[in-house]
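What follows is one structure encoded as C-alpha coordinates, with my remarks underneath.
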Amino acid sequence: MLLSGRSISKGEAKASLLSTDVPISFLGQIDAKTGVIIDTNHPLYGKSVAGKVLSFPCGKGSTVGSYVIYALKENGVSPAAFIVKQCETIVAVGAIIAGIPAVDMIDGDLPEDGAEVTVNGFEGTVEFTPGP
(Lines give C-alpha, C1' and ligand atoms only; values in the text may rest on other atoms or scores of the structure.)
Protein backbone atom coordinates (compact mmCIF):
# COMPACT_ATOMS: atom_id res chain seq x y z
CA MET A 1 0.00 0.00 0.00
CA LEU A 2 1.29 3.45 -0.91
CA LEU A 3 0.17 6.52 1.03
CA SER A 4 0.93 10.04 -0.13
CA GLY A 5 1.70 13.05 2.00
CA ARG A 6 3.98 16.03 2.11
CA SER A 7 7.77 15.83 2.10
CA ILE A 8 9.35 17.51 5.12
CA SER A 9 12.91 16.16 5.06
CA LYS A 10 14.57 14.37 2.15
CA GLY A 11 15.87 10.82 2.33
CA GLU A 12 14.51 7.30 2.46
CA ALA A 13 14.38 4.74 5.25
CA LYS A 14 12.79 1.34 5.84
CA ALA A 15 12.24 0.16 9.40
CA SER A 16 9.62 -1.11 11.83
CA LEU A 17 6.88 1.27 12.86
CA LEU A 18 6.55 2.71 16.37
CA SER A 19 3.53 4.97 16.75
CA THR A 20 1.66 7.05 19.29
CA ASP A 21 -1.36 9.33 19.20
CA VAL A 22 0.22 11.58 21.84
CA PRO A 23 2.50 14.51 20.87
CA ILE A 24 6.20 14.20 21.68
CA SER A 25 8.47 16.78 23.26
CA PHE A 26 12.00 15.93 22.26
CA LEU A 27 13.29 18.06 25.13
CA GLY A 28 12.47 16.19 28.31
CA GLN A 29 10.61 13.13 27.03
CA ILE A 30 13.44 11.35 25.18
CA ASP A 31 16.92 10.59 26.45
CA ALA A 32 19.25 11.93 23.73
CA LYS A 33 22.00 9.47 24.70
CA THR A 34 19.88 6.29 24.57
CA GLY A 35 16.85 7.14 22.41
CA VAL A 36 14.50 5.84 25.11
CA ILE A 37 11.26 7.64 26.04
CA ILE A 38 11.82 8.67 29.67
CA ASP A 39 8.55 10.45 30.45
CA THR A 40 6.58 8.05 32.66
CA ASN A 41 3.32 9.70 31.55
CA HIS A 42 3.89 9.07 27.83
CA PRO A 43 2.35 5.93 26.25
CA LEU A 44 5.75 5.03 24.75
CA TYR A 45 7.52 5.20 28.12
CA GLY A 46 10.49 2.82 28.24
CA LYS A 47 10.53 2.20 24.48
CA SER A 48 13.44 3.08 22.25
CA VAL A 49 12.93 5.18 19.12
CA ALA A 50 16.34 4.13 17.79
CA GLY A 51 16.15 2.77 14.26
CA LYS A 52 12.33 2.94 14.16
CA VAL A 53 9.96 4.80 11.90
CA LEU A 54 8.41 7.02 14.55
CA SER A 55 4.82 8.11 13.91
CA PHE A 56 3.23 10.79 16.10
CA PRO A 57 0.70 13.60 15.75
CA CYS A 58 3.08 16.55 16.30
CA GLY A 59 5.96 17.80 18.33
CA LYS A 60 5.58 20.09 21.30
CA GLY A 61 7.71 22.14 23.61
CA SER A 62 10.92 24.05 23.32
CA THR A 63 12.77 24.83 20.12
CA VAL A 64 15.72 23.08 21.76
CA GLY A 65 13.87 19.91 20.67
CA SER A 66 15.36 20.39 17.19
CA TYR A 67 18.84 20.04 18.67
CA VAL A 68 17.77 16.99 20.69
CA ILE A 69 16.73 15.33 17.42
CA TYR A 70 20.18 16.20 16.04
CA ALA A 71 21.82 14.80 19.21
CA LEU A 72 19.84 11.55 18.81
CA LYS A 73 21.33 11.23 15.31
CA GLU A 74 24.85 12.09 16.47
CA ASN A 75 24.56 9.49 19.24
CA GLY A 76 23.38 6.81 16.81
CA VAL A 77 19.98 6.41 18.50
CA SER A 78 17.69 8.46 16.28
CA PRO A 79 14.56 7.24 14.58
CA ALA A 80 15.16 6.02 11.02
CA ALA A 81 12.33 8.31 9.84
CA PHE A 82 9.37 10.37 11.02
CA ILE A 83 5.73 10.22 10.00
CA VAL A 84 3.96 13.18 11.54
CA LYS A 85 0.28 13.96 11.32
CA GLN A 86 0.96 17.72 11.23
CA CYS A 87 4.65 18.61 11.33
CA GLU A 88 5.57 21.86 13.03
CA THR A 89 8.85 23.74 12.88
CA ILE A 90 10.58 22.05 15.83
CA VAL A 91 10.37 18.58 14.28
CA ALA A 92 10.89 19.85 10.72
CA VAL A 93 14.11 21.67 11.59
CA GLY A 94 15.37 18.76 13.69
CA ALA A 95 14.69 16.25 10.92
CA ILE A 96 16.39 18.43 8.31
CA ILE A 97 19.54 19.20 10.32
CA ALA A 98 19.83 15.54 11.39
CA GLY A 99 19.15 14.18 7.90
CA ILE A 100 16.18 12.09 9.04
CA PRO A 101 13.56 11.47 6.34
CA ALA A 102 10.19 12.90 7.33
CA VAL A 103 6.71 13.17 5.84
CA ASP A 104 3.44 14.51 7.15
CA MET A 105 -0.24 14.76 6.21
CA ILE A 106 -0.44 11.25 4.76
CA ASP A 107 -3.71 10.26 3.13
CA GLY A 108 -4.50 7.01 4.92
CA ASP A 109 -4.03 4.77 7.93
CA LEU A 110 -0.77 3.18 8.98
CA PRO A 111 -0.39 -0.51 9.84
CA GLU A 112 0.09 -1.87 13.37
CA ASP A 113 3.30 -1.17 15.29
CA GLY A 114 6.13 -3.45 14.27
CA ALA A 115 5.16 -3.52 10.59
CA GLU A 116 7.94 -2.66 8.16
CA VAL A 117 7.32 0.68 6.46
CA THR A 118 9.32 2.69 3.95
CA VAL A 119 9.33 6.46 4.27
CA ASN A 120 10.35 8.32 1.13
CA GLY A 121 11.08 11.92 2.02
CA PHE A 122 11.94 12.72 -1.58
CA GLU A 123 8.45 11.84 -2.80
CA GLY A 124 6.48 12.38 0.41
CA THR A 125 5.23 8.78 0.53
CA VAL A 126 4.90 5.92 2.99
CA GLU A 127 4.79 2.33 1.69
CA PHE A 128 3.98 -0.93 3.45
CA THR A 129 2.41 -4.31 2.82
CA PRO A 130 -1.06 -4.52 4.37
CA GLY A 131 -1.69 -7.35 6.81
CA PRO A 132 -4.26 -10.10 6.26
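Residue numbers start at 1 in each chain; chains themselves are named A, B, ... in the order of the C-alpha coordinates; ligands are numbered from 1 in the order shown.
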Check your understanding: Would you give me, as a count of residues only, the residues in chain A that DSSP reads as helix (DSSP H, G or I)?
Key -> 20
Practice item. Do a neighbour search on region 24-26 of chain A at 12 Å with only C-alpha atoms, toss out local chain neighbours closer than 2 positions, and write the hits as a PyMOL selection string. Key: chain A and resi 19-22+28-32+35-39+41-45+49+54-72+78-79+82+84-85+87-88+90-91+94-95
Exercise for review: as a PyMOL selection string, list the residues of region 6-97 of chain A assigned to strand (DSSP E) by DSSP on the backbone atoms of this structure.
Suggested key: chain A and resi 6-9+12-19+53-56+81-84
Show me a table, sorted first by chain and then by increasing residue number, of the residues of region 35-90 of chain A having an atom at most 8 Å from region 114-127 of chain A, each with its shortest atom pair and the distance in Å to one decimal, counting only C-alpha atoms and written as JSON lines.
```
{"residue": "A:Val53", "atom": "CA", "partner": "A:Val117", "partner_atom": "CA", "distance": 7.3}
{"residue": "A:Ala81", "atom": "CA", "partner": "A:Val119", "partner_atom": "CA", "distance": 6.6}
{"residue": "A:Phe82", "atom": "CA", "partner": "A:Val119", "partner_atom": "CA", "distance": 7.8}
{"residue": "A:Ile83", "atom": "CA", "partner": "A:Val119", "partner_atom": "CA", "distance": 7.7}
```
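Minimum atom-to-atom distances from A:Ile106, A:Ala15, A:Val77, A:Val93 to Leu2 (chain A) were compared using only C-alpha atoms, and the lowest value belongs to A:Ile106.
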